[in-house]
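For reference, query_2.cif (mmCIF, C-alpha atoms):
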```cif
data_target
loop_
_atom_site.label_atom_id
_atom_site.label_comp_id
_atom_site.auth_asym_id
_atom_site.auth_seq_id
_atom_site.Cartn_x
_atom_site.Cartn_y
_atom_site.Cartn_z
CA MET A 107 100.08 32.81 93.64
CA TYR A 108 102.87 33.84 91.31
CA ALA A 109 105.78 35.97 92.41
CA LYS A 110 108.72 37.06 90.30
CA LEU A 111 111.50 37.50 92.85
CA VAL A 112 114.53 39.52 91.82
CA VAL A 113 117.81 39.21 93.72
CA GLY A 114 119.32 42.46 92.48
CA ALA A 115 122.95 43.53 92.60
CA THR A 116 123.86 41.79 95.85
CA ALA A 117 123.49 38.08 96.61
CA ILE A 118 120.87 37.04 99.15
CA PRO A 119 121.68 34.59 101.95
CA ALA A 120 119.83 31.34 101.41
CA MET A 121 117.98 31.62 104.71
CA GLN A 122 116.64 35.07 103.81
CA ALA A 123 115.42 33.79 100.44
CA MET A 124 113.78 30.80 102.12
CA ARG A 125 112.00 33.07 104.60
CA ASP A 126 110.70 35.32 101.84
CA ILE A 127 109.40 32.35 99.88
CA ALA A 128 107.79 30.73 102.92
CA ARG A 129 106.13 34.02 103.92
CA LEU A 130 104.62 34.37 100.47
CA VAL A 131 103.45 30.77 100.22
CA THR A 132 101.79 30.83 103.66
CA SER A 133 100.38 34.35 103.53
CA ALA A 134 96.71 35.22 103.24
CA SER A 135 97.79 38.38 101.42
CA PRO A 136 101.01 37.90 99.44
CA SER A 137 102.84 41.16 98.77
CA THR A 138 106.32 42.55 98.35
CA ALA A 139 106.04 43.88 101.92
CA LEU A 140 106.83 40.32 102.99
CA LEU A 141 110.25 40.42 101.33
CA GLY A 142 113.35 40.94 103.45
CA GLY A 143 115.90 39.58 101.00
CA PHE A 144 114.58 39.85 97.44
CA SER A 145 114.32 43.34 96.00
CA THR A 146 111.03 44.96 96.93
CA SER A 147 111.37 47.46 94.08
CA SER A 148 112.09 44.94 91.32
CA SER A 149 110.12 41.91 92.54
CA ILE A 150 106.51 41.60 91.43
CA ILE A 151 103.60 39.69 92.89
CA VAL A 152 102.02 38.88 89.55
CA ASP A 153 99.12 36.98 91.08
CA ASN A 154 98.40 37.54 94.78
CA THR A 155 95.88 34.74 95.22
CA PRO A 156 96.85 33.07 98.51
CA ALA A 157 98.70 29.81 97.88
CA GLY A 158 96.91 28.17 100.80
CA TRP A 159 99.88 26.54 102.57
CA THR A 160 100.15 26.60 106.37
CA TYR A 161 103.39 27.36 108.20
CA VAL A 162 104.35 24.42 110.43
CA GLY A 163 107.66 25.45 111.95
CA SER A 164 111.44 25.21 111.81
CA ASN A 165 114.45 23.64 113.47
CA ASN A 166 115.76 27.19 113.85
CA ALA A 167 114.43 28.79 117.04
CA SER A 168 114.16 32.23 115.40
CA ASP A 169 111.58 30.84 112.97
CA ARG A 170 109.06 29.41 115.34
CA PRO A 171 106.26 29.61 116.02
CA THR A 172 106.26 32.03 113.08
CA ILE A 173 108.77 32.87 110.39
CA ALA A 174 111.24 35.50 111.57
CA ALA A 175 110.14 39.04 110.78
CA VAL A 176 111.19 40.80 107.59
CA GLY A 177 114.74 42.04 108.09
CA ALA A 178 115.58 39.54 110.82
CA THR A 179 119.07 38.12 110.65
CA GLY A 180 118.89 35.45 113.31
CA TYR A 181 120.26 32.31 111.73
CA ALA A 182 121.13 28.88 113.00
CA ALA A 183 124.66 28.23 114.15
CA ILE A 184 127.24 26.90 111.74
CA ASP A 185 126.82 23.19 110.94
CA THR A 186 123.24 23.23 112.17
CA GLN A 187 120.45 22.18 109.86
CA CYS A 188 118.14 25.04 108.98
CA ASN A 189 114.69 24.47 107.55
CA LEU A 190 111.23 25.98 107.15
CA VAL A 191 108.28 23.60 106.95
CA MET A 192 104.85 24.13 105.39
CA SER A 193 101.82 21.90 104.79
CA ALA A 194 98.80 21.80 102.53
CA PRO A 195 95.81 19.50 102.10
CA CYS A 196 95.19 17.28 99.11
CA LEU A 197 92.13 17.24 96.89
CA GLU A 198 91.03 13.99 98.44
CA GLY A 199 91.61 12.38 101.81
CA THR A 200 92.95 13.78 105.07
CA ALA A 201 96.69 13.20 104.62
CA LEU A 202 98.68 16.41 104.17
CA LYS A 203 101.56 17.25 101.88
CA TYR A 204 104.60 18.72 103.64
CA ALA A 205 107.06 21.02 101.90
CA VAL A 206 110.43 21.81 103.45
CA LEU A 207 112.87 24.54 102.46
CA ASN A 208 116.45 23.73 103.51
CA VAL A 209 119.76 25.54 103.53
CA SER A 210 122.11 23.35 101.48
CA TRP A 211 125.50 24.45 102.86
CA LEU A 212 125.79 24.73 106.60
CA GLY A 213 128.57 27.27 106.75
CA THR A 214 128.25 30.94 107.56
CA MET A 215 124.79 32.25 106.84
CA ASN A 216 125.93 35.41 105.08
CA THR A 217 125.74 36.32 101.43
CA THR A 218 128.32 33.72 100.46
CA ASN A 219 125.76 31.06 101.33
CA VAL A 220 123.26 31.31 98.49
CA TYR A 221 122.12 27.70 98.01
CA PHE A 222 118.89 26.16 99.25
CA CYS A 223 116.50 23.40 98.23
CA LEU A 224 112.90 22.25 98.39
CA THR A 225 111.92 18.79 99.59
CA GLY A 226 108.75 17.01 100.56
CA ALA A 227 108.05 15.05 103.72
CA VAL A 228 105.42 12.67 105.00
CA SER A 229 105.13 14.59 108.24
CA ALA A 230 106.87 17.24 110.30
CA ASN A 231 106.41 19.04 113.59
CA SER A 232 106.74 22.64 114.69
CA SER A 233 110.39 22.09 115.64
CA GLY A 234 111.23 21.19 112.08
CA VAL A 235 111.73 17.49 112.80
CA CYS A 236 110.82 15.74 109.56
CA THR A 237 109.70 12.16 109.07
CA ASN A 238 110.48 10.67 105.68
CA GLU A 239 111.82 13.79 104.04
CA GLY A 240 112.65 13.62 100.37
CA PRO A 241 116.14 13.58 98.89
CA ARG A 242 118.61 16.45 99.06
CA PHE A 243 122.34 16.80 99.56
CA TYR A 244 123.66 18.96 102.37
CA ALA A 245 127.21 19.77 103.35
CA GLY A 246 128.91 21.02 106.48
CA SER A 247 131.02 24.15 106.75
CA ILE A 248 134.21 22.19 106.13
CA GLU A 249 133.06 21.67 102.55
CA GLY A 250 133.03 24.26 99.80
CA VAL A 251 129.89 26.35 99.46
CA ALA A 252 129.47 25.53 95.76
CA GLU A 253 129.83 21.77 96.11
CA LEU A 254 126.06 21.43 95.97
CA ALA A 255 125.43 24.01 93.25
CA THR A 256 123.86 21.57 90.80
CA HIS A 257 121.50 20.36 93.51
CA SER A 258 120.35 23.68 94.83
CA LEU A 259 118.35 26.74 93.98
CA ARG A 260 120.52 29.83 94.02
CA THR A 261 120.22 33.51 94.93
CA ASN A 262 123.39 35.02 93.51
CA ALA A 263 123.47 38.62 92.35
CA GLY A 264 121.42 38.86 89.16
CA ASP A 265 119.40 35.70 89.78
CA ILE A 266 115.66 35.70 89.33
CA ILE A 267 113.36 33.24 91.07
CA HIS A 268 109.84 32.50 89.83
CA LEU A 269 107.62 31.15 92.61
CA ILE A 270 104.33 29.58 91.52
CA ALA A 271 102.25 28.06 94.31
CA ASN A 272 98.78 26.93 95.18
CA GLU A 273 97.43 24.16 97.39
CA ARG A 274 98.29 21.60 94.73
CA GLY A 275 101.98 22.38 94.64
CA ILE A 276 104.98 24.65 94.87
CA THR A 277 107.26 25.30 91.88
CA ILE A 278 110.42 27.34 92.27
CA ILE A 279 112.22 28.21 89.05
CA ASN A 280 115.73 29.67 88.83
CA GLU A 281 115.43 31.70 85.64
CA GLY A 282 117.58 30.21 82.89
CA ARG A 283 119.04 27.58 85.20
CA GLY A 284 116.62 24.99 86.61
CA MET A 285 113.79 24.30 89.00
CA GLN A 286 112.53 22.41 92.02
CA GLY A 287 108.94 21.34 92.53
CA LEU A 288 106.66 19.62 94.98
CA TRP A 289 103.52 18.55 93.15
CA GLU A 290 100.31 16.75 94.00
CA MET A 291 99.33 13.92 91.66
CA THR A 292 96.10 12.15 90.85
CA MET A 293 94.91 9.98 93.71
CA SER A 294 95.22 6.22 93.17
CA ASP A 295 93.35 3.37 94.81
CA VAL A 296 96.64 2.46 96.49
CA ASN A 297 96.72 5.95 98.09
CA ARG A 298 93.10 5.51 99.12
CA PHE A 299 93.71 2.09 100.69
CA TYR A 300 96.75 3.21 102.67
CA GLY A 301 95.46 6.72 103.42
CA THR A 302 98.51 8.42 101.92
CA ALA A 303 98.91 11.74 100.15
CA PRO A 304 99.71 11.51 96.43
CA PHE A 305 102.57 13.88 95.74
CA VAL A 306 106.02 13.89 94.19
CA GLN A 307 109.20 15.88 94.66
CA TYR A 308 111.31 16.69 91.61
CA CYS A 309 114.47 18.75 91.83
CA HIS A 310 116.50 19.67 88.76
CA SER A 311 118.47 22.76 89.66
CA ASP A 312 120.84 22.62 86.67
CA SER A 313 118.75 21.64 83.67
CA SER A 314 121.84 21.12 81.50
CA ASN A 315 122.94 18.32 83.83
CA THR A 316 121.12 15.07 83.12
CA SER A 317 122.90 12.72 85.54
CA ILE A 318 120.43 11.46 88.11
CA SER A 319 121.26 11.37 91.80
CA THR A 320 119.76 8.09 92.92
CA ILE A 321 119.27 9.17 96.52
CA SER A 322 115.98 8.83 98.33
CA VAL A 323 116.77 10.54 101.66
CA PRO A 324 118.65 13.66 102.87
CA THR A 325 122.30 12.80 102.38
CA SER A 326 125.43 14.45 103.72
CA SER A 327 127.96 15.33 101.04
CA THR A 328 131.73 15.61 101.39
CA THR A 329 132.54 16.19 97.72
CA THR A 330 131.39 18.31 94.82
CA ARG A 331 128.26 16.72 93.43
CA ILE A 332 128.23 16.55 89.65
CA THR A 333 124.71 15.20 89.32
CA SER A 334 121.48 17.19 89.34
CA PRO A 335 118.01 15.65 88.99
CA CYS A 336 116.61 13.82 91.97
CA GLY A 337 113.11 12.97 93.07
CA ALA A 338 110.87 10.93 95.33
CA VAL A 339 107.36 9.81 96.06
CA PHE A 340 106.24 9.48 99.66
CA ALA A 341 104.89 6.83 102.05
CA VAL A 342 104.63 4.11 99.42
CA THR A 343 103.92 0.45 100.04
CA ASP A 344 104.87 -2.28 97.60
CA VAL A 345 101.47 -3.93 97.40
CA ASN A 346 102.98 -7.28 96.43
CA THR A 347 105.68 -7.54 99.12
CA GLY A 348 104.26 -5.28 101.81
CA VAL A 349 107.51 -3.32 102.08
CA PHE A 350 106.86 0.26 103.16
CA SER A 351 109.23 3.00 102.03
CA GLY A 352 108.96 6.43 103.62
CA THR A 353 110.46 7.85 100.44
CA TYR A 354 110.97 6.05 97.12
CA GLU A 355 113.09 7.21 94.24
CA PRO A 356 111.08 6.61 91.03
CA SER A 357 114.02 6.33 88.62
CA VAL A 358 115.14 3.03 90.09
CA LEU A 359 114.09 -0.17 88.33
CA VAL A 360 113.62 1.89 85.19
CA THR A 361 112.37 -1.12 83.26
CA MET A 362 109.41 -1.35 85.62
CA ASN A 363 108.84 2.26 86.66
CA LEU A 364 107.51 4.48 83.92
CA GLY A 365 106.84 8.12 83.26
CA ASN A 366 108.56 11.30 82.23
CA LEU A 367 109.34 12.88 85.55
CA TYR A 368 113.09 12.88 85.01
CA GLN A 369 114.20 15.27 82.28
CA THR A 370 117.36 13.59 81.05
CA MET A 371 116.94 13.95 77.28
CA PRO A 372 116.94 17.59 76.13
CA THR A 373 116.31 16.59 72.52
CA ILE A 374 113.21 14.55 73.18
CA ARG A 375 110.71 17.23 72.22
CA GLN A 376 111.65 18.07 68.68
CA ASN A 377 109.55 20.69 66.94
CA SER A 378 106.39 19.40 65.30
CA ILE A 379 103.71 20.63 62.91
CA ASN A 380 100.00 21.27 63.03
CA ALA A 381 97.41 19.87 60.62
CA ALA A 382 98.17 22.65 58.13
CA GLY A 383 101.88 21.97 58.24
CA GLY A 384 102.60 25.03 60.33
CA PRO A 385 105.25 24.88 63.06
CA ARG A 386 104.37 24.00 66.61
CA TYR A 387 106.29 23.08 69.73
CA GLN A 388 105.64 19.93 71.68
CA VAL A 389 104.71 19.81 75.34
CA SER A 390 104.48 16.78 77.61
CA PRO A 391 102.19 16.19 80.59
CA ILE A 392 104.10 15.18 83.71
CA TRP A 393 103.28 11.69 84.95
CA LEU A 394 104.85 8.63 86.54
CA GLN A 395 104.01 5.06 87.35
CA ASN A 396 105.75 3.13 90.11
CA GLY A 397 104.87 -0.13 88.44
CA ALA A 398 107.54 -2.00 90.37
CA LEU A 399 105.49 -1.34 93.51
CA GLY A 400 102.17 -2.30 91.91
CA HIS A 401 101.07 1.32 91.66
CA PRO A 402 99.04 2.66 88.70
CA ALA A 403 100.02 5.62 86.56
CA GLN A 404 99.58 8.96 88.30
CA SER A 405 99.56 12.37 86.67
CA VAL A 406 100.84 15.68 87.95
CA THR A 407 99.45 17.53 84.94
CA GLY A 408 95.76 18.07 85.43
CA VAL A 409 96.19 18.45 89.17
CA VAL A 410 98.92 21.08 88.76
CA PRO A 411 98.56 23.11 85.54
CA ILE A 412 102.01 22.29 84.19
CA TYR A 413 103.72 20.76 81.16
CA TRP A 414 107.33 20.03 80.20
CA THR A 415 108.59 21.88 77.15
CA LYS A 416 111.80 21.87 75.19
CA GLY A 417 114.42 24.25 76.52
CA GLY A 418 115.06 27.57 74.85
CA ILE A 419 111.81 27.98 72.93
CA GLY A 420 111.13 31.47 74.18
CA SER A 421 111.47 33.94 77.00
CA THR A 422 109.95 33.64 80.44
CA GLY A 423 106.52 35.19 80.31
CA ASP A 424 105.72 34.23 76.73
CA SER A 425 102.17 32.93 76.28
CA MET A 426 101.63 29.40 75.03
CA ASN A 427 98.34 28.00 73.75
CA ILE A 428 97.95 24.41 74.92
CA GLY A 429 94.62 23.10 73.74
CA ALA A 430 92.07 25.74 74.59
CA ASP A 431 94.10 27.15 77.48
CA VAL A 432 96.80 29.77 77.72
CA TYR A 433 99.92 28.91 79.69
CA THR A 434 103.03 30.90 80.55
CA TYR A 435 106.45 29.70 79.42
CA PHE A 436 109.28 29.61 81.97
CA ASN A 437 112.91 29.44 80.88
CA CYS A 438 114.57 26.75 83.02
CA GLY A 439 117.82 26.66 81.06
CA THR A 440 118.90 24.50 78.16
CA GLY A 441 117.61 21.14 79.36
CA PHE A 442 113.87 21.83 79.45
CA GLY A 443 111.26 24.46 80.04
CA LEU A 444 107.99 24.62 81.89
CA ALA A 445 104.58 25.80 80.76
CA MET A 446 102.41 26.71 83.72
CA LYS A 447 99.24 28.50 84.55
CA THR A 448 100.02 31.08 87.18
CA SER A 449 96.52 32.05 88.29
CA MET B 522 114.80 -6.34 102.26
CA THR B 523 118.36 -7.57 102.20
CA LEU B 524 121.23 -5.55 103.60
CA GLU B 525 122.28 -4.73 100.06
CA GLN B 526 118.79 -3.45 99.28
CA LEU B 527 118.79 -1.32 102.41
CA ILE B 528 122.15 0.19 101.48
CA ALA B 529 120.91 0.81 97.94
CA HIS B 530 117.86 2.55 99.35
CA PHE B 531 119.46 4.66 102.08
CA GLY B 532 122.89 5.18 100.57
CA GLU B 533 126.18 5.33 102.40
CA GLN B 534 125.01 6.29 105.86
CA THR B 535 124.41 4.63 109.20
CA ILE B 536 121.40 2.35 109.05
CA TYR B 537 119.67 1.25 112.25
CA ARG B 538 117.24 -1.54 112.99
CA PHE B 539 114.60 -0.42 115.44
CA ASP B 540 113.08 -2.87 117.91
CA GLY B 541 109.79 -1.13 118.37
CA THR B 542 106.84 0.37 116.57
CA ALA B 543 106.70 3.27 114.17
CA ASP B 544 104.97 5.34 116.84
CA GLU B 545 107.74 4.57 119.33
CA LEU B 546 110.36 5.55 116.77
CA SER B 547 108.49 8.77 116.10
CA GLU B 548 108.42 9.54 119.81
CA LEU B 549 112.15 8.82 120.14
CA GLN B 550 113.15 10.94 117.17
CA THR B 551 110.78 13.79 117.99
CA SER B 552 112.02 13.99 121.58
CA SER B 553 115.62 14.10 120.34
CA HIS B 554 114.86 16.60 117.53
CA ASN B 555 116.28 14.19 115.00
CA SER B 556 114.73 13.96 111.53
CA TYR B 557 114.66 10.47 110.08
CA ASN B 558 113.58 8.25 107.22
CA TYR B 559 112.47 4.66 107.53
CA VAL B 560 111.32 1.54 105.73
CA ILE B 561 109.37 -1.41 107.07
CA SER B 562 110.21 -4.85 105.75
CA GLN B 563 108.62 -7.97 107.20
CA ASP B 564 107.43 -5.94 110.17
CA VAL B 565 110.96 -4.72 111.00
CA ILE B 566 111.76 -1.01 110.92
CA TYR B 567 115.06 0.15 109.43
CA PHE B 568 115.91 3.83 109.55
CA VAL B 569 118.51 6.52 109.02
CA ALA B 570 118.67 9.78 110.93
CA GLN B 571 120.21 13.19 110.61
CA LYS B 572 122.15 12.80 113.87
CA PRO B 573 123.51 9.66 115.60
CA VAL B 574 120.95 7.69 117.57
CA ASP B 575 121.70 6.43 121.06
CA ASP B 576 118.89 4.17 122.23
CA SER B 577 118.85 0.54 123.26
CA ARG B 578 116.15 -0.19 120.71
CA ALA B 579 118.24 1.12 117.80
CA THR B 580 120.89 -1.33 116.58
CA THR B 581 123.42 -0.23 113.99
CA ILE B 582 123.51 -2.61 111.03
CA THR B 583 125.84 -0.49 108.86
CA GLN B 584 128.30 2.29 109.63
#
```
As structure tokens, please, write out the structure in this file.
Amino acid sequence: MYAKLVVGATAIPAMQAMRDIARLVTSASPSTALLGGFSTSSSIIVDNTPAGWTYVGSNNASDRPTIAAVGATGYAAIDTQCNLVMSAPCLEGTALKYAVLNVSWLGTMNTTNVYFCLTGAVSANSSGVCTNEGPRFYAGSIEGVAELATHSLRTNAGDIIHLIANERGITIINEGRGMQGLWEMTMSDVNRFYGTAPFVQYCHSDSSNTSISTISVPTSSTTTRITSPCGAVFAVTDVNTGVFSGTYEPSVLVTMNLGNLYQTMPTIRQNSINAAGGPRYQVSPIWLQNGALGHPAQSVTGVVPIYWTKGGIGSTGDSMNIGADVYTYFNCGTGFGLAMKTS
Amino acid sequence: MTLEQLIAHFGEQTIYRFDGTADELSELQTSSHNSYNYVISQDVIYFVAQKPVDDSRATTITQ
């Protein structure tokens, strides 16, 4: 499922945007009729193949047992966490992936509150209680609404959100700004032994910001956060020590944990050439290895049809030939881009 | 895990030691509508939660 969601001339409250996204991702028939916040005239469901996620619930009473109806304005009280939880199976095994949409700032839920984020979780119930949820910052109403801007997706006037989802993952791109993703990876023997779901959360809402937030759990913020990328893997056991971590932040112990999940070097994919000397861009498959835990390398690319690209190599929607396949380029700002298949 | 490792993992928030099983912690947190994250080190559960926890099995080890 691929939806191009247009905010239009007036900002959309974060909760309305979250509801629209969750309706689309969990719908058997995605359409603009499910939109109560994004513009129904400008937004496009480019590919209406059902994404295959199941709605689990929310810690907001108005959004259970189903997401509030289109046009509903019932929001949680100020300084109350507000989430929407979804789940999907993995290619192998019985463990589910959980995706959680969260309001970032807990102040008034009107159009001044335009920040939200996507996390993963090991499990969750219909009341939105999450076990081992991935990292995000959140701030109470006493804080400024923009203190978490670099950590959040945004629905200001003029913003465009690209939502690409199937059972293997959810990718939410803020056009020209950044992205957040929850992606299934290749299954490892460690996953098989422990019966865990292989998936990773990567949030990089401001692609020009390359300072990593080394948080592994939801964290209350009382200051303006100047970092952006954060990520986690879920329900991991260090096979050598036996230590179990509900969430684990892969950028720690960088000399032992490998991969290219964190996009902190915008210049890393310099232009290249083909065999005839003609120009070509470089793309990188997304992968990681939590070697410090005794885990093998695991790839997102190949499970999710996605590659990193250099930032600013084209316009969203441009076609890219990667091998024998055609991908779509998404402008995520100056730091990096994404090439994805959307159907 | 040492206390320093737990703080490095969970960050600057209240960390509890739980004298019980993971299922018992799940039951406690679910009944109190309180999302949480945990680690298990040498069969001991350490966790952080979205709201304060008031239970005799949960001992605060950091503030």
Item checked: Picked residues, the PyMOL selection byres ((chain A) within 10 of (chain B)), expected as a PyMOL selection string -> chain A and resi 165+187+227-228+230-231+233-240+320-326+341-343+347-355+358
For the structure provided, state which residues fall under the PyMOL selection byres ((chain A and resi 318) around 6), and present them as a PDB file with C-alpha atoms, keeping the file's coordinate frame.
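out_39.pdb was written with the following content:
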```pdb
ATOM      1  CA  SER A 317     122.900  12.720  85.540  1.00  0.00           C
ATOM      2  CA  SER A 319     121.260  11.370  91.800  1.00  0.00           C
ATOM      3  CA  THR A 320     119.760   8.090  92.920  1.00  0.00           C
ATOM      4  CA  THR A 333     124.710  15.200  89.320  1.00  0.00           C
ATOM      5  CA  SER A 334     121.480  17.190  89.340  1.00  0.00           C
ATOM      6  CA  PRO A 335     118.010  15.650  88.990  1.00  0.00           C
ATOM      7  CA  CYS A 336     116.610  13.820  91.970  1.00  0.00           C
TER       8      CYS A 336
END
```
Determine the residue set returned by the PyMOL selection byres ((chain A and resi 127) around 12) for the present structure, and present it as a PDB file with C-alpha atoms, in the frame of the given file.
```
ATOM      1  CA  MET A 107     100.080  32.810  93.640  1.00  0.00           C
ATOM      2  CA  TYR A 108     102.870  33.840  91.310  1.00  0.00           C
ATOM      3  CA  ALA A 109     105.780  35.970  92.410  1.00  0.00           C
ATOM      4  CA  LYS A 110     108.720  37.060  90.300  1.00  0.00           C
ATOM      5  CA  LEU A 111     111.500  37.500  92.850  1.00  0.00           C
ATOM      6  CA  VAL A 112     114.530  39.520  91.820  1.00  0.00           C
ATOM      7  CA  ALA A 120     119.830  31.340 101.410  1.00  0.00           C
ATOM      8  CA  MET A 121     117.980  31.620 104.710  1.00  0.00           C
ATOM      9  CA  GLN A 122     116.640  35.070 103.810  1.00  0.00           C
ATOM     10  CA  ALA A 123     115.420  33.790 100.440  1.00  0.00           C
ATOM     11  CA  MET A 124     113.780  30.800 102.120  1.00  0.00           C
ATOM     12  CA  ARG A 125     112.000  33.070 104.600  1.00  0.00           C
ATOM     13  CA  ASP A 126     110.700  35.320 101.840  1.00  0.00           C
ATOM     14  CA  ALA A 128     107.790  30.730 102.920  1.00  0.00           C
ATOM     15  CA  ARG A 129     106.130  34.020 103.920  1.00  0.00           C
ATOM     16  CA  LEU A 130     104.620  34.370 100.470  1.00  0.00           C
ATOM     17  CA  VAL A 131     103.450  30.770 100.220  1.00  0.00           C
ATOM     18  CA  THR A 132     101.790  30.830 103.660  1.00  0.00           C
ATOM     19  CA  SER A 133     100.380  34.350 103.530  1.00  0.00           C
ATOM     20  CA  PRO A 136     101.010  37.900  99.440  1.00  0.00           C
ATOM     21  CA  SER A 137     102.840  41.160  98.770  1.00  0.00           C
ATOM     22  CA  THR A 138     106.320  42.550  98.350  1.00  0.00           C
ATOM     23  CA  LEU A 140     106.830  40.320 102.990  1.00  0.00           C
ATOM     24  CA  LEU A 141     110.250  40.420 101.330  1.00  0.00           C
ATOM     25  CA  GLY A 142     113.350  40.940 103.450  1.00  0.00           C
ATOM     26  CA  GLY A 143     115.900  39.580 101.000  1.00  0.00           C
ATOM     27  CA  PHE A 144     114.580  39.850  97.440  1.00  0.00           C
ATOM     28  CA  ILE A 151     103.600  39.690  92.890  1.00  0.00           C
ATOM     29  CA  ALA A 157      98.700  29.810  97.880  1.00  0.00           C
ATOM     30  CA  TRP A 159      99.880  26.540 102.570  1.00  0.00           C
ATOM     31  CA  TYR A 161     103.390  27.360 108.200  1.00  0.00           C
ATOM     32  CA  ILE A 173     108.770  32.870 110.390  1.00  0.00           C
ATOM     33  CA  VAL A 176     111.190  40.800 107.590  1.00  0.00           C
ATOM     34  CA  LEU A 190     111.230  25.980 107.150  1.00  0.00           C
ATOM     35  CA  VAL A 191     108.280  23.600 106.950  1.00  0.00           C
ATOM     36  CA  MET A 192     104.850  24.130 105.390  1.00  0.00           C
ATOM     37  CA  ALA A 205     107.060  21.020 101.900  1.00  0.00           C
ATOM     38  CA  VAL A 206     110.430  21.810 103.450  1.00  0.00           C
ATOM     39  CA  LEU A 207     112.870  24.540 102.460  1.00  0.00           C
ATOM     40  CA  ASN A 208     116.450  23.730 103.510  1.00  0.00           C
ATOM     41  CA  PHE A 222     118.890  26.160  99.250  1.00  0.00           C
ATOM     42  CA  CYS A 223     116.500  23.400  98.230  1.00  0.00           C
ATOM     43  CA  LEU A 224     112.900  22.250  98.390  1.00  0.00           C
ATOM     44  CA  THR A 261     120.220  33.510  94.930  1.00  0.00           C
ATOM     45  CA  ILE A 267     113.360  33.240  91.070  1.00  0.00           C
ATOM     46  CA  HIS A 268     109.840  32.500  89.830  1.00  0.00           C
ATOM     47  CA  LEU A 269     107.620  31.150  92.610  1.00  0.00           C
ATOM     48  CA  ILE A 270     104.330  29.580  91.520  1.00  0.00           C
ATOM     49  CA  ALA A 271     102.250  28.060  94.310  1.00  0.00           C
ATOM     50  CA  ILE A 276     104.980  24.650  94.870  1.00  0.00           C
ATOM     51  CA  THR A 277     107.260  25.300  91.880  1.00  0.00           C
ATOM     52  CA  ILE A 278     110.420  27.340  92.270  1.00  0.00           C
ATOM     53  CA  ILE A 279     112.220  28.210  89.050  1.00  0.00           C
TER      54      ILE A 279
END
```
Note to self: So the first atom is atom CA of A:Gly384 and the second is atom CA of A:Met426; what is the distance between them in Å, to one decimal place?
What the structure shows: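 Taking atom CA of A:Gly384 as the start and atom CA of A:Met426 as the end point, the length is 15.4 Å.
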Checklist line | Counting only C-alpha atoms, the option among A:Ile118, A:Glu253, A:Ala178, A:Asp169 closest to A:Asn219 | finding: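 Once distances to A:Asn219 are computed over only C-alpha atoms, the minimum belongs to A:Ile118.
Taking atom CA of A:Glu273 as the reference point, atom CA of A:Gly439 is found at 26.2 Å.
From atom CA of A:Ile266 back to atom CA of A:Gly284, the distance works out to 11.1 Å.
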